[in-house]
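Next comes start06.cif, a file with mmCIF, C-alpha atoms and all ligand atoms.
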```cif
data_protein
#
loop_
_atom_site.label_atom_id
_atom_site.label_comp_id
_atom_site.auth_asym_id
_atom_site.auth_seq_id
_atom_site.Cartn_x
_atom_site.Cartn_y
_atom_site.Cartn_z
CA MET A 1 76.36 124.92 -95.70
CA ILE A 2 78.04 128.24 -95.17
CA LYS A 3 76.21 130.56 -92.78
CA GLU A 4 74.69 133.69 -94.31
CA ILE A 5 76.66 135.94 -91.99
CA SER A 6 79.95 134.22 -92.84
CA LYS A 7 79.13 134.75 -96.50
CA PHE A 8 78.51 138.43 -95.84
CA GLN A 9 81.82 138.69 -93.98
CA ILE A 10 83.73 137.13 -96.89
CA GLU A 11 81.96 139.30 -99.45
CA SER A 12 82.76 142.39 -97.38
CA PHE A 13 86.40 141.38 -97.24
CA PHE A 14 86.56 140.90 -101.01
CA LYS A 15 84.91 144.28 -101.51
CA TYR A 16 87.41 146.10 -99.29
CA VAL A 17 90.56 144.41 -100.62
CA ALA A 18 89.45 145.31 -104.16
CA ILE A 19 90.28 148.92 -103.24
CA SER A 20 94.08 149.15 -103.34
CA SER A 21 95.24 151.12 -100.32
CA GLU A 22 98.96 150.64 -99.81
CA SER A 23 100.47 153.28 -97.57
CA ASN A 24 103.75 155.12 -97.91
CA PRO A 25 105.46 156.16 -94.66
CA ASN A 26 107.22 159.04 -96.44
CA LEU A 27 104.07 160.91 -97.50
CA PRO A 28 101.61 162.89 -95.37
CA VAL A 29 98.51 161.16 -93.96
CA PRO A 30 96.60 159.81 -95.81
CA SER A 31 99.58 158.70 -97.85
CA SER A 32 97.54 157.17 -100.67
CA LYS A 33 94.36 157.94 -102.58
CA GLY A 34 93.14 154.39 -102.10
CA GLN A 35 92.89 154.88 -98.34
CA LEU A 36 90.63 157.88 -98.85
CA GLU A 37 88.56 155.93 -101.38
CA LEU A 38 88.15 153.05 -98.94
CA ALA A 39 87.27 155.50 -96.17
CA GLU A 40 84.52 156.96 -98.37
CA VAL A 41 83.06 153.52 -99.07
CA LEU A 42 83.11 152.68 -95.37
CA ALA A 43 81.45 155.94 -94.36
CA GLU A 44 78.63 155.00 -96.76
CA ASP A 45 78.43 151.43 -95.42
CA LEU A 46 78.29 152.69 -91.82
CA LYS A 47 75.44 155.00 -92.77
CA ASP A 48 73.51 152.11 -94.33
CA LEU A 49 73.98 150.15 -91.11
CA GLY A 50 72.31 152.91 -89.09
CA LEU A 51 75.35 154.51 -87.49
CA ILE A 52 75.29 158.20 -86.67
CA ASN A 53 77.84 161.01 -86.18
CA ILE A 54 79.74 159.70 -89.19
CA VAL A 55 82.79 161.86 -89.78
CA LEU A 56 85.33 161.40 -92.56
CA ASN A 57 88.09 163.93 -91.92
CA GLU A 58 90.88 165.33 -94.07
CA ASN A 59 93.27 162.59 -92.88
CA ALA A 60 90.85 159.89 -94.14
CA ILE A 61 89.96 158.93 -90.58
CA VAL A 62 86.38 157.61 -90.36
CA THR A 63 84.59 157.70 -87.03
CA ALA A 64 80.99 156.76 -86.26
CA LEU A 65 78.67 155.77 -83.45
CA LEU A 66 76.05 153.09 -83.10
CA PRO A 67 73.98 154.52 -80.23
CA ALA A 68 73.05 152.22 -77.36
CA ASN A 69 69.67 150.49 -77.38
CA ILE A 70 69.88 149.72 -73.65
CA GLU A 71 70.89 151.89 -70.72
CA GLY A 72 73.58 151.74 -68.09
CA VAL A 73 76.31 149.81 -69.87
CA LYS A 74 79.83 150.88 -70.81
CA SER A 75 80.65 152.14 -74.26
CA VAL A 76 83.17 150.27 -76.38
CA GLY A 77 85.21 151.14 -79.46
CA PHE A 78 86.62 149.10 -82.33
CA VAL A 79 89.55 150.25 -84.43
CA ALA A 80 91.01 148.88 -87.66
CA HIS A 81 93.44 150.33 -90.17
CA LEU A 82 92.71 151.18 -93.79
CA ASP A 83 96.15 150.72 -95.27
CA THR A 84 97.98 147.65 -96.47
CA VAL A 85 101.74 147.44 -96.21
CA ASN A 86 104.04 148.28 -99.08
CA ALA A 87 106.04 145.06 -99.25
CA SER A 88 107.42 145.74 -102.76
CA LEU A 89 104.71 143.55 -104.25
CA SER A 90 101.76 144.40 -106.48
CA PRO A 91 99.44 146.94 -104.79
CA ASP A 92 96.42 145.24 -106.34
CA ILE A 93 94.94 142.35 -104.42
CA LYS A 94 93.08 139.50 -106.12
CA PRO A 95 91.83 137.18 -103.41
CA GLN A 96 90.83 133.56 -104.03
CA ILE A 97 89.34 130.82 -101.89
CA ILE A 98 91.14 127.50 -102.02
CA LYS A 99 90.47 124.33 -100.09
CA TYR A 100 93.67 123.11 -98.44
CA GLU A 101 94.12 119.37 -98.91
CA GLY A 102 97.62 118.86 -97.56
CA LYS A 103 99.49 119.64 -100.77
CA ASP A 104 101.41 122.67 -102.08
CA ILE A 105 99.03 125.23 -103.55
CA VAL A 106 99.46 126.86 -106.94
CA LEU A 107 98.49 130.47 -106.23
CA ASN A 108 99.21 131.69 -109.71
CA GLU A 109 99.50 129.35 -112.67
CA LYS A 110 100.58 132.03 -115.14
CA GLU A 111 103.39 133.33 -112.96
CA ASN A 112 104.14 129.90 -111.53
CA ILE A 113 103.78 131.04 -107.90
CA VAL A 114 103.41 128.17 -105.46
CA PHE A 115 102.54 128.25 -101.77
CA ARG A 116 104.85 125.63 -100.26
CA VAL A 117 103.58 123.67 -97.27
CA SER A 118 107.15 122.94 -96.16
CA GLU A 119 107.77 126.69 -95.72
CA ASN A 120 104.36 127.38 -94.14
CA ILE A 121 103.69 124.46 -91.84
CA ASP A 122 101.05 126.39 -89.87
CA ILE A 123 98.70 125.69 -92.74
CA ASN A 124 98.39 122.10 -91.52
CA LYS A 125 96.15 123.36 -88.73
CA TYR A 126 93.53 123.97 -91.41
CA MET A 127 93.41 120.64 -93.24
CA ASN A 128 90.44 120.38 -95.63
CA GLU A 129 89.35 123.93 -94.84
CA ASP A 130 88.53 126.80 -97.16
CA ILE A 131 91.25 129.44 -96.97
CA ILE A 132 91.56 132.85 -98.61
CA PHE A 133 94.84 133.56 -100.40
CA SER A 134 96.07 136.30 -102.72
CA ASP A 135 97.11 135.39 -106.27
CA GLY A 136 100.71 135.33 -105.07
CA THR A 137 101.65 138.70 -106.58
CA SER A 138 100.57 140.73 -103.54
CA VAL A 139 99.86 140.49 -99.85
CA LEU A 140 96.31 139.35 -99.04
CA GLY A 141 95.53 142.47 -97.03
CA ALA A 142 93.81 140.58 -94.22
CA ASP A 143 96.09 142.97 -92.34
CA ASP A 144 93.87 144.78 -91.71
CA LYS A 145 90.88 144.49 -94.02
CA ALA A 146 89.83 141.25 -92.36
CA ALA A 147 89.25 143.42 -89.28
CA ILE A 148 87.31 146.02 -91.23
CA ALA A 149 85.10 143.30 -92.70
CA THR A 150 84.64 141.76 -89.25
CA ILE A 151 83.57 145.06 -87.70
CA ILE A 152 81.12 145.77 -90.53
CA THR A 153 79.76 142.22 -90.27
CA THR A 154 79.25 142.58 -86.53
CA LEU A 155 77.31 145.82 -87.04
CA LYS A 156 75.18 144.12 -89.71
CA TYR A 157 74.45 141.19 -87.41
CA ILE A 158 73.49 143.52 -84.56
CA LYS A 159 71.12 145.43 -86.82
CA ASP A 160 69.49 142.33 -88.36
CA ASN A 161 69.06 140.54 -85.03
CA ASN A 162 68.23 143.42 -82.69
CA VAL A 163 71.14 142.57 -80.40
CA GLU A 164 71.17 144.59 -77.17
CA HIS A 165 74.22 146.81 -76.83
CA GLY A 166 75.69 149.94 -75.30
CA ASP A 167 77.26 152.72 -77.36
CA ILE A 168 79.59 151.27 -79.99
CA HIS A 169 82.21 153.63 -81.43
CA ILE A 170 83.96 152.79 -84.67
CA ALA A 171 87.22 154.22 -86.03
CA PHE A 172 88.95 153.31 -89.26
CA VAL A 173 92.39 154.90 -89.40
CA PRO A 174 94.93 155.27 -92.21
CA ASP A 175 98.69 154.74 -92.24
CA GLU A 176 99.22 152.19 -89.51
CA GLU A 177 102.09 150.53 -91.35
CA GLY A 178 105.34 152.37 -90.87
CA GLY A 179 104.63 154.54 -87.86
CA LEU A 180 101.08 154.16 -86.47
CA ARG A 181 100.42 157.61 -87.88
CA GLY A 182 96.64 157.45 -88.34
CA SER A 183 95.94 156.54 -84.72
CA ARG A 184 98.19 159.39 -83.60
CA LEU A 185 95.82 161.76 -85.42
CA LEU A 186 92.64 160.16 -84.08
CA ASP A 187 90.80 162.74 -81.99
CA LEU A 188 89.70 161.13 -78.72
CA ASN A 189 87.10 163.83 -78.23
CA VAL A 190 85.39 162.45 -81.33
CA PHE A 191 86.20 158.78 -80.75
CA SER A 192 85.43 158.54 -77.06
CA PRO A 193 84.42 155.09 -75.76
CA ASN A 194 85.26 153.89 -72.23
CA PHE A 195 87.76 151.45 -73.76
CA ALA A 196 88.48 150.07 -77.20
CA TYR A 197 89.93 147.18 -79.17
CA THR A 198 92.08 146.94 -82.23
CA ILE A 199 91.54 143.84 -84.33
CA ASP A 200 94.82 143.29 -86.09
CA CYS A 201 97.44 140.70 -86.64
CA CYS A 202 97.71 137.07 -86.47
CA GLU A 203 96.13 133.75 -85.97
CA ILE A 204 93.06 132.60 -84.08
CA GLY A 205 93.29 133.08 -80.32
CA GLU A 206 96.02 135.70 -80.27
CA VAL A 207 95.71 138.49 -77.73
CA VAL A 208 98.12 141.41 -77.38
CA TYR A 209 98.10 143.85 -74.52
CA GLU A 210 101.83 143.98 -73.95
CA THR A 211 103.78 145.96 -76.50
CA PHE A 212 107.04 147.85 -76.41
CA ASN A 213 107.55 151.24 -74.85
CA ALA A 214 109.10 153.00 -77.78
CA GLY A 215 111.14 156.13 -78.21
CA LYS A 216 113.63 157.66 -80.57
CA ALA A 217 116.73 159.79 -80.30
CA ASN A 218 118.14 162.17 -82.86
CA ILE A 219 121.67 163.51 -82.42
CA ASP A 220 123.27 166.24 -84.54
CA ILE A 221 126.99 166.79 -84.16
CA GLU A 222 128.85 169.65 -85.73
CA GLY A 223 132.65 169.46 -85.65
CA VAL A 224 135.44 171.80 -86.78
CA THR A 225 137.22 171.08 -90.06
CA ALA A 226 140.90 171.63 -90.77
CA HIS A 227 143.48 170.45 -93.29
CA PRO A 228 145.22 167.39 -91.85
CA MET A 229 148.65 169.03 -92.23
CA SER A 230 147.71 171.67 -89.71
CA ALA A 231 144.95 169.84 -87.86
CA LYS A 232 146.61 169.30 -84.51
CA GLY A 233 144.55 170.95 -81.81
CA VAL A 234 142.16 172.33 -84.40
CA LEU A 235 140.22 169.52 -86.08
CA VAL A 236 137.15 168.26 -84.25
CA ASN A 237 135.87 165.20 -86.13
CA SER A 238 132.12 164.91 -85.74
CA ALA A 239 132.05 161.33 -87.06
CA LEU A 240 134.47 160.18 -84.36
CA ILE A 241 132.39 161.89 -81.69
CA ALA A 242 129.40 159.90 -82.95
CA VAL A 243 131.45 156.71 -82.68
CA ASP A 244 132.38 157.63 -79.08
CA ILE A 245 128.72 158.02 -78.15
CA LEU A 246 127.79 154.70 -79.79
CA ASN A 247 130.69 152.90 -78.12
CA SER A 248 129.33 153.76 -74.71
CA PHE A 249 126.28 151.53 -75.34
CA ASP A 250 126.13 147.81 -74.66
CA ARG A 251 126.79 145.96 -77.92
CA THR A 252 124.54 143.09 -76.84
CA GLU A 253 121.60 145.42 -76.24
CA THR A 254 120.68 145.49 -79.93
CA PRO A 255 117.80 143.95 -81.90
CA GLU A 256 120.11 141.24 -83.26
CA CYS A 257 121.17 140.16 -79.75
CA THR A 258 117.81 140.30 -77.95
CA GLU A 259 114.50 138.45 -77.94
CA GLU A 260 111.23 138.06 -76.05
CA LYS A 261 111.13 140.62 -73.24
CA GLU A 262 114.63 142.04 -73.72
CA GLY A 263 114.77 145.64 -74.84
CA PHE A 264 117.32 147.32 -77.06
CA ILE A 265 118.86 150.48 -78.45
CA TYR A 266 118.83 150.26 -82.22
CA LEU A 267 121.12 152.39 -84.37
CA THR A 268 118.86 152.99 -87.37
CA SER A 269 120.97 155.57 -89.19
CA ILE A 270 124.36 157.24 -89.05
CA THR A 271 125.26 159.68 -91.79
CA GLY A 272 127.95 162.27 -91.96
CA ASN A 273 131.51 163.36 -92.43
CA THR A 274 134.17 165.19 -90.49
CA ARG A 275 132.10 168.34 -90.23
CA ARG A 276 128.58 167.09 -89.56
CA THR A 277 127.20 163.78 -88.38
CA ASN A 278 123.64 162.71 -87.62
CA VAL A 279 122.74 159.67 -85.54
CA LYS A 280 119.28 158.17 -85.14
CA LEU A 281 118.41 155.62 -82.49
CA ASN A 282 115.28 153.66 -81.64
CA ILE A 283 114.73 152.78 -78.00
CA ARG A 284 112.55 149.81 -77.07
CA ASP A 285 111.65 148.01 -73.85
CA HIS A 286 108.51 146.34 -72.48
CA ASP A 287 109.47 147.33 -68.95
CA LEU A 288 108.79 151.01 -68.35
CA LYS A 289 111.59 151.37 -65.81
CA LEU A 290 114.16 149.74 -68.10
CA TYR A 291 112.89 151.87 -70.97
CA GLU A 292 113.42 155.05 -68.95
CA GLU A 293 116.88 153.78 -67.99
CA LYS A 294 117.77 153.33 -71.65
CA LYS A 295 116.66 156.87 -72.40
CA LYS A 296 118.80 158.10 -69.50
CA LYS A 297 121.78 156.06 -70.69
CA ILE A 298 121.59 157.79 -74.07
CA LYS A 299 121.18 161.21 -72.49
CA ASP A 300 124.12 160.63 -70.14
CA ALA A 301 126.32 159.41 -72.99
CA ILE A 302 125.57 162.53 -75.00
CA GLU A 303 125.96 164.92 -72.06
CA ASN A 304 129.25 163.29 -71.18
CA THR A 305 130.44 163.71 -74.76
CA ILE A 306 129.39 167.36 -74.74
CA GLN A 307 131.54 167.92 -71.63
CA LYS A 308 134.54 166.32 -73.30
CA ASN A 309 134.16 168.09 -76.63
CA THR A 310 133.61 171.72 -75.82
CA ARG A 311 134.50 172.85 -79.34
CA ALA A 312 131.90 170.65 -81.01
CA LYS A 313 128.26 171.64 -81.23
CA ILE A 314 126.02 168.76 -80.18
CA GLU A 315 122.24 168.93 -80.21
CA TYR A 316 119.83 166.11 -79.46
CA GLN A 317 116.21 165.19 -78.89
CA ILE A 318 114.89 162.10 -77.14
CA GLU A 319 111.16 161.50 -77.64
CA ASP A 320 108.56 158.93 -76.68
CA VAL A 321 106.81 157.36 -79.67
CA TYR A 322 104.31 154.94 -78.15
CA SER A 323 103.80 153.00 -74.93
CA ASN A 324 103.23 149.51 -73.67
CA ILE A 325 99.45 149.04 -73.46
CA ALA A 326 99.94 147.18 -70.17
CA ASN A 327 101.28 150.38 -68.52
CA PHE A 328 97.71 151.66 -68.58
CA LEU A 329 96.04 148.59 -67.14
CA GLY A 330 94.96 149.64 -63.69
CA GLU A 331 93.11 147.67 -61.05
CA ASP A 332 90.24 147.25 -63.45
CA ARG A 333 91.32 144.77 -66.11
CA THR A 334 87.84 144.46 -67.61
CA PRO A 335 88.78 145.34 -71.20
CA VAL A 336 91.39 142.58 -71.32
CA ASP A 337 89.33 140.10 -69.30
CA LEU A 338 86.45 140.51 -71.75
CA ILE A 339 88.59 139.21 -74.62
CA TYR A 340 89.47 136.07 -72.68
CA LYS A 341 85.90 135.55 -71.54
CA ALA A 342 84.55 136.00 -75.07
CA MET A 343 87.08 133.51 -76.42
CA GLU A 344 86.27 131.01 -73.70
CA ASN A 345 82.56 131.29 -74.49
CA LYS A 346 83.32 130.63 -78.15
CA GLY A 347 85.62 127.68 -77.44
CA ILE A 348 88.80 129.43 -78.56
CA GLU A 349 92.11 128.81 -76.85
CA ALA A 350 93.77 132.13 -76.05
CA LYS A 351 97.43 132.72 -76.94
CA THR A 352 98.80 135.81 -75.25
CA LEU A 353 101.64 137.46 -77.11
CA THR A 354 104.18 139.94 -75.87
CA MET A 355 104.68 141.96 -79.00
CA ARG A 356 108.13 143.20 -79.95
CA GLY A 357 106.57 146.21 -81.60
CA GLY A 358 103.57 148.46 -81.25
CA THR A 359 99.96 148.55 -82.35
CA ASP A 360 97.52 151.38 -82.95
CA GLY A 361 96.41 150.45 -79.42
CA SER A 362 99.88 151.36 -78.07
CA VAL A 363 99.34 154.87 -79.39
CA LEU A 364 95.72 155.12 -78.22
CA SER A 365 96.53 153.71 -74.78
CA SER A 366 99.29 156.27 -74.29
CA LYS A 367 96.73 158.93 -75.24
CA GLY A 368 94.47 157.68 -72.45
CA LEU A 369 92.22 155.15 -74.19
CA LEU A 370 93.02 151.59 -73.12
CA THR A 371 93.04 149.55 -76.35
CA PRO A 372 94.15 145.90 -76.32
CA ASN A 373 94.21 143.80 -79.49
CA TYR A 374 92.90 140.45 -80.66
CA PHE A 375 93.20 138.34 -83.78
CA THR A 376 91.88 138.68 -87.33
CA GLY A 377 92.64 135.00 -87.91
CA ALA A 378 95.21 135.47 -90.68
CA HIS A 379 98.79 134.18 -90.96
CA ASN A 380 101.98 135.40 -92.68
CA PHE A 381 101.33 139.13 -92.62
CA HIS A 382 103.33 141.34 -95.01
CA SER A 383 104.02 138.40 -97.30
CA PRO A 384 102.60 137.00 -100.55
CA ASN A 385 101.95 133.85 -98.49
CA GLU A 386 99.48 135.68 -96.23
CA PHE A 387 96.39 133.54 -95.79
CA LEU A 388 93.10 133.70 -93.94
CA PRO A 389 91.29 130.52 -92.92
CA ILE A 390 87.58 131.22 -93.16
CA SER A 391 86.90 129.40 -89.88
CA SER A 392 89.32 131.70 -87.99
CA PHE A 393 87.95 134.78 -89.74
CA TYR A 394 84.47 133.80 -88.60
CA LYS A 395 85.72 133.29 -85.03
CA SER A 396 87.07 136.84 -85.02
CA PHE A 397 83.54 138.01 -85.79
CA GLU A 398 82.12 135.76 -83.06
CA VAL A 399 84.54 137.16 -80.48
CA THR A 400 83.67 140.73 -81.48
CA LEU A 401 79.96 140.07 -81.13
CA GLU A 402 80.46 138.20 -77.86
CA ILE A 403 82.43 141.10 -76.34
CA ILE A 404 79.54 143.42 -77.18
CA LYS A 405 77.03 140.97 -75.65
CA LEU A 406 79.13 140.55 -72.50
CA ILE A 407 79.33 144.31 -72.02
CA ALA A 408 75.55 144.57 -72.43
CA LYS A 409 75.00 141.95 -69.70
CA LYS A 410 76.81 143.93 -67.03
ZN ZN B 501 97.94 145.58 -89.26
#
```
Please go through the file and, once you have read it, give me the structure as structure tokens.
Ligand SMILES: [Zn+2]
Amino acid sequence: MIKEISKFQIESFFKYVAISSESNPNLPVPSSKGQLELAEVLAEDLKDLGLINIVLNENAIVTALLPANIEGVKSVGFVAHLDTVNASLSPDIKPQIIKYEGKDIVLNEKENIVFRVSENIDINKYMNEDIIFSDGTSVLGADDKAAIATIITTLKYIKDNNVEHGDIHIAFVPDEEGGLRGSRLLDLNVFSPNFAYTIDCCEIGEVVYETFNAGKANIDIEGVTAHPMSAKGVLVNSALIAVDILNSFDRTETPECTEEKEGFIYLTSITGNTRRTNVKLNIRDHDLKLYEEKKKKIKDAIENTIQKNTRAKIEYQIEDVYSNIANFLGEDRTPVDLIYKAMENKGIEAKTLTMRGGTDGSVLSSKGLLTPNYFTGAHNFHSPNEFLPISSFYKSFEVTLEIIKLIAKK
């Protein structure tokens, strides 16, 4: 028999994925109407659950507070994102529950879309279990609506069972995919817990508190044009200057040559001609010192080129984009320890990931709010093969509730 609360969690998930909310990194936040629509529904749901200070702002950011019913405990926040990724699939999500029995699964008879076990062997961890899939024409959107459903379910459980708790802050943010833009706009005067969690990404047990330090560089080079017949001593070729700068970097320090904890400088764009050339670079490293060294290497290469090419005009900016969450872990590791303790109490084996990327928590941590991440329970994000085992989904709820209970015990 399926537990009532698990049923509520699944129903909530179906309700939220029914609202299409793909984001578009090229449009202002919120980049789609669906995100605003979902935000409106959630603001209403939070109100029904007894939360106060509910704010839905012009960026479709929803924040709310469940005030403490006991005194003297720390406040905690939970963050999930409203958008689903644009993976060039259908924006409309039609979820279905299928029991996995060891064979390939027909997700869509009409379109002949089959989930192949041989290409998704992780599914064998969930033999004879009920699993939520899309109809194969879209992502499932467990990234990150599983988290939204889990947070709402936790609040419902707390209300129905009079669970003791400190202040619980909630934030639902838009436009995580393609730039973590919603969390950048989240006002930490409004969303102001002692520490917070994102629930995002990946299978049961996964914990992320190490992400990249990330930055970007933009270089504009203006040369001097001349006809080749009379170019000697006159022509300054901006494209060749760009090549000189790029050649001073290590060709093995690129995404295609690195893995695990190795950082890189990634040439994401080079456009131009003799007269004008623009270069864009992404800078990534888990280690803060190595990250700063990479930034300096780029700066030095450009400055050196400026010295050598006095007739060219070279302008550049090097900016930080987000930080490794672990940079902000001080002596007090309570927020991270609580995840492990909650998982242990619920019989879940923790898998700590060093993420070669960033989370909303990377942005929030660099803004001063320590925000590690734990699992939604889903697999195959950003793919039509995305799937969410109901047992893992339920465990994500259990961990969330357990964290709140552990904080209340202190
Ligand atoms: Zn996500």
Give me the residues within 10 Å of Lys145 (chain A) as a PyMOL selection string, counting all atoms listed in the file and dropping any in the same chain fewer than 4 places off. chain A and resi 12-17+80-84+140-141+149-151+199-200+376
Save out the residues we just selected, C-alpha atoms, as an mmCIF file, in the coordinates of the input.
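Writing the result to again01.cif gives the following:
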```
data_model
loop_
_atom_site.group_PDB
_atom_site.id
_atom_site.type_symbol
_atom_site.label_atom_id
_atom_site.label_comp_id
_atom_site.auth_asym_id
_atom_site.auth_seq_id
_atom_site.Cartn_x
_atom_site.Cartn_y
_atom_site.Cartn_z
ATOM 1 C CA SER A 12 82.760 142.390 -97.380
ATOM 2 C CA PHE A 13 86.400 141.380 -97.240
ATOM 3 C CA PHE A 14 86.560 140.900 -101.010
ATOM 4 C CA LYS A 15 84.910 144.280 -101.510
ATOM 5 C CA TYR A 16 87.410 146.100 -99.290
ATOM 6 C CA VAL A 17 90.560 144.410 -100.620
ATOM 7 C CA ALA A 80 91.010 148.880 -87.660
ATOM 8 C CA HIS A 81 93.440 150.330 -90.170
ATOM 9 C CA LEU A 82 92.710 151.180 -93.790
ATOM 10 C CA ASP A 83 96.150 150.720 -95.270
ATOM 11 C CA THR A 84 97.980 147.650 -96.470
ATOM 12 C CA LEU A 140 96.310 139.350 -99.040
ATOM 13 C CA GLY A 141 95.530 142.470 -97.030
ATOM 14 C CA ALA A 149 85.100 143.300 -92.700
ATOM 15 C CA THR A 150 84.640 141.760 -89.250
ATOM 16 C CA ILE A 151 83.570 145.060 -87.700
ATOM 17 C CA ILE A 199 91.540 143.840 -84.330
ATOM 18 C CA ASP A 200 94.820 143.290 -86.090
ATOM 19 C CA THR A 376 91.880 138.680 -87.330
#
```
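The coordinates place CA of Ser365 (chain A) at 16.0 Å from CA of Ser75 (chain A).
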Residues near region 265-281 of chain A, cut-off 6 Å, all atoms listed in the file, skip fewer than 6 positions along chain, as a list of chain:residue names: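 The residues that qualify are A:Lys216, A:Ala217, A:Asn218, A:Ile219, A:Asp220, A:Ile221, A:Glu222, A:Gly223, A:Val224, A:Thr225, A:Asn237, A:Ser238, A:Ala239, A:Thr254.
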Using only C-alpha atoms and all ligand atoms, what does the table of chain A residues within 6 Å of ligand ZN 501 (chain B) look like, with each row giving the shortest atom pair and its distance in Å to one decimal, sorted by chain and ascending number, as CSV?
```
residue,atom,partner,partner_atom,distance
A:Asp143,CA,B:ZN501,ZN,4.4
A:Asp144,CA,B:ZN501,ZN,4.8
A:Asp200,CA,B:ZN501,ZN,5.0
A:Cys201,CA,B:ZN501,ZN,5.6
```
Pull the neighbourhood of (112.5, 142.3, -70.4) for me: all residues within 12 Å in file coordinates, counting only C-alpha atoms, as a PyMOL selection string. chain A and resi 210-213+253+258-264+284-291+354-356
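The list of residues with at least one atom within 8 Å of Ile5 (chain A), based on all atoms listed in the file and without residues fewer than 4 positions apart in the same chain, reads Gln9, Thr153 and Tyr157 of chain A.
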Atoms to include: C-alpha atoms. Write the selected residues as a compact mmCIF listing (two decimals), keeping the file's coordinate frame.
```txt
# COMPACT_ATOMS: atom_id res chain seq x y z
CA GLN A 9 81.82 138.69 -93.98
CA THR A 153 79.76 142.22 -90.27
CA TYR A 157 74.45 141.19 -87.41
```
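Minimum distance to Ser383 (chain A) across A:Phe328, A:Phe249, A:Phe195, A:Phe115 (counting all atoms listed in the file) occurs at A:Phe115.
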A:Gly102, A:Gly357, A:Pro67, A:Pro174 ranked by distance to Leu155 (chain A), top pick (using only C-alpha atoms):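 Looking only at the distances to Leu155 (chain A), the closest residue turns out to be A:Pro67.
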Do a neighbour search on Phe375 (chain A) at 8 Å with all atoms listed in the file, toss out local chain neighbours closer than 2 positions, and write the hits as an MDAnalysis selection string. chainID A and resid 199:207 373 377:378 396
Around all the atoms of region 239-252 of chain A listed in the file, draw an axis-aligned box and extend it by 5 Å on each of the six sides; I want its centre and edge lengths in Å to one decimal, as lines of an AutoDock Vina configuration file.
```
center_x = 129.5
center_y = 152.5
center_z = -80.9
size_x = 19.9
size_y = 28.8
size_z = 22.4
```
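Distance annotation: of A:Arg311, A:Lys74, A:Lys410, A:Lys395, the residue with the minimal separation from Gly347 (chain A) is A:Lys395; atom set is only C-alpha atoms.
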Please, what distance in Å, to one decimal, runs between CA of Val336 (chain A) and CA of Glu402 (chain A)?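 Separation of CA of Val336 (chain A) and CA of Glu402 (chain A): 13.5 Å.
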Spatial neighbours of Thr400 (chain A), max dist 12 Å, all atoms listed in the file, sep filter under 2 positions, as an MDAnalysis selection string: chainID A and resid 76:79 147:155 157:158 168 196:199 338:343 345:346 373:376 393:398 402:407
Output C-alpha atoms for every residue in that selection, as a compact mmCIF listing (two decimals), in the coordinates of the input.
```txt
# COMPACT_ATOMS: atom_id res chain seq x y z
CA VAL A 76 83.17 150.27 -76.38
CA GLY A 77 85.21 151.14 -79.46
CA PHE A 78 86.62 149.10 -82.33
CA VAL A 79 89.55 150.25 -84.43
CA ALA A 147 89.25 143.42 -89.28
CA ILE A 148 87.31 146.02 -91.23
CA ALA A 149 85.10 143.30 -92.70
CA THR A 150 84.64 141.76 -89.25
CA ILE A 151 83.57 145.06 -87.70
CA ILE A 152 81.12 145.77 -90.53
CA THR A 153 79.76 142.22 -90.27
CA THR A 154 79.25 142.58 -86.53
CA LEU A 155 77.31 145.82 -87.04
CA TYR A 157 74.45 141.19 -87.41
CA ILE A 158 73.49 143.52 -84.56
CA ILE A 168 79.59 151.27 -79.99
CA ALA A 196 88.48 150.07 -77.20
CA TYR A 197 89.93 147.18 -79.17
CA THR A 198 92.08 146.94 -82.23
CA ILE A 199 91.54 143.84 -84.33
CA LEU A 338 86.45 140.51 -71.75
CA ILE A 339 88.59 139.21 -74.62
CA TYR A 340 89.47 136.07 -72.68
CA LYS A 341 85.90 135.55 -71.54
CA ALA A 342 84.55 136.00 -75.07
CA MET A 343 87.08 133.51 -76.42
CA ASN A 345 82.56 131.29 -74.49
CA LYS A 346 83.32 130.63 -78.15
CA ASN A 373 94.21 143.80 -79.49
CA TYR A 374 92.90 140.45 -80.66
CA PHE A 375 93.20 138.34 -83.78
CA THR A 376 91.88 138.68 -87.33
CA PHE A 393 87.95 134.78 -89.74
CA TYR A 394 84.47 133.80 -88.60
CA LYS A 395 85.72 133.29 -85.03
CA SER A 396 87.07 136.84 -85.02
CA PHE A 397 83.54 138.01 -85.79
CA GLU A 398 82.12 135.76 -83.06
CA GLU A 402 80.46 138.20 -77.86
CA ILE A 403 82.43 141.10 -76.34
CA ILE A 404 79.54 143.42 -77.18
CA LYS A 405 77.03 140.97 -75.65
CA LEU A 406 79.13 140.55 -72.50
CA ILE A 407 79.33 144.31 -72.02
```
Should you be able to, write region 27-38 of chain A of this structure into a file that contains C-alpha atoms, as an mmCIF file, in the first residue's frame.
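Contents of the output file decode.cif:
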```
data_model
loop_
_atom_site.group_PDB
_atom_site.id
_atom_site.type_symbol
_atom_site.label_atom_id
_atom_site.label_comp_id
_atom_site.auth_asym_id
_atom_site.auth_seq_id
_atom_site.Cartn_x
_atom_site.Cartn_y
_atom_site.Cartn_z
ATOM 1 C CA LEU A 27 15.627 36.270 -22.502
ATOM 2 C CA PRO A 28 15.301 38.359 -19.327
ATOM 3 C CA VAL A 29 14.267 36.680 -16.058
ATOM 4 C CA PRO A 30 11.703 35.160 -15.922
ATOM 5 C CA SER A 31 12.398 33.962 -19.434
ATOM 6 C CA SER A 32 9.060 32.190 -19.883
ATOM 7 C CA LYS A 33 5.424 32.752 -18.958
ATOM 8 C CA GLY A 34 5.159 29.222 -17.608
ATOM 9 C CA GLN A 35 7.634 29.983 -14.836
ATOM 10 C CA LEU A 36 5.497 32.893 -13.679
ATOM 11 C CA GLU A 37 2.380 30.731 -13.888
ATOM 12 C CA LEU A 38 4.029 28.027 -11.782
#
```
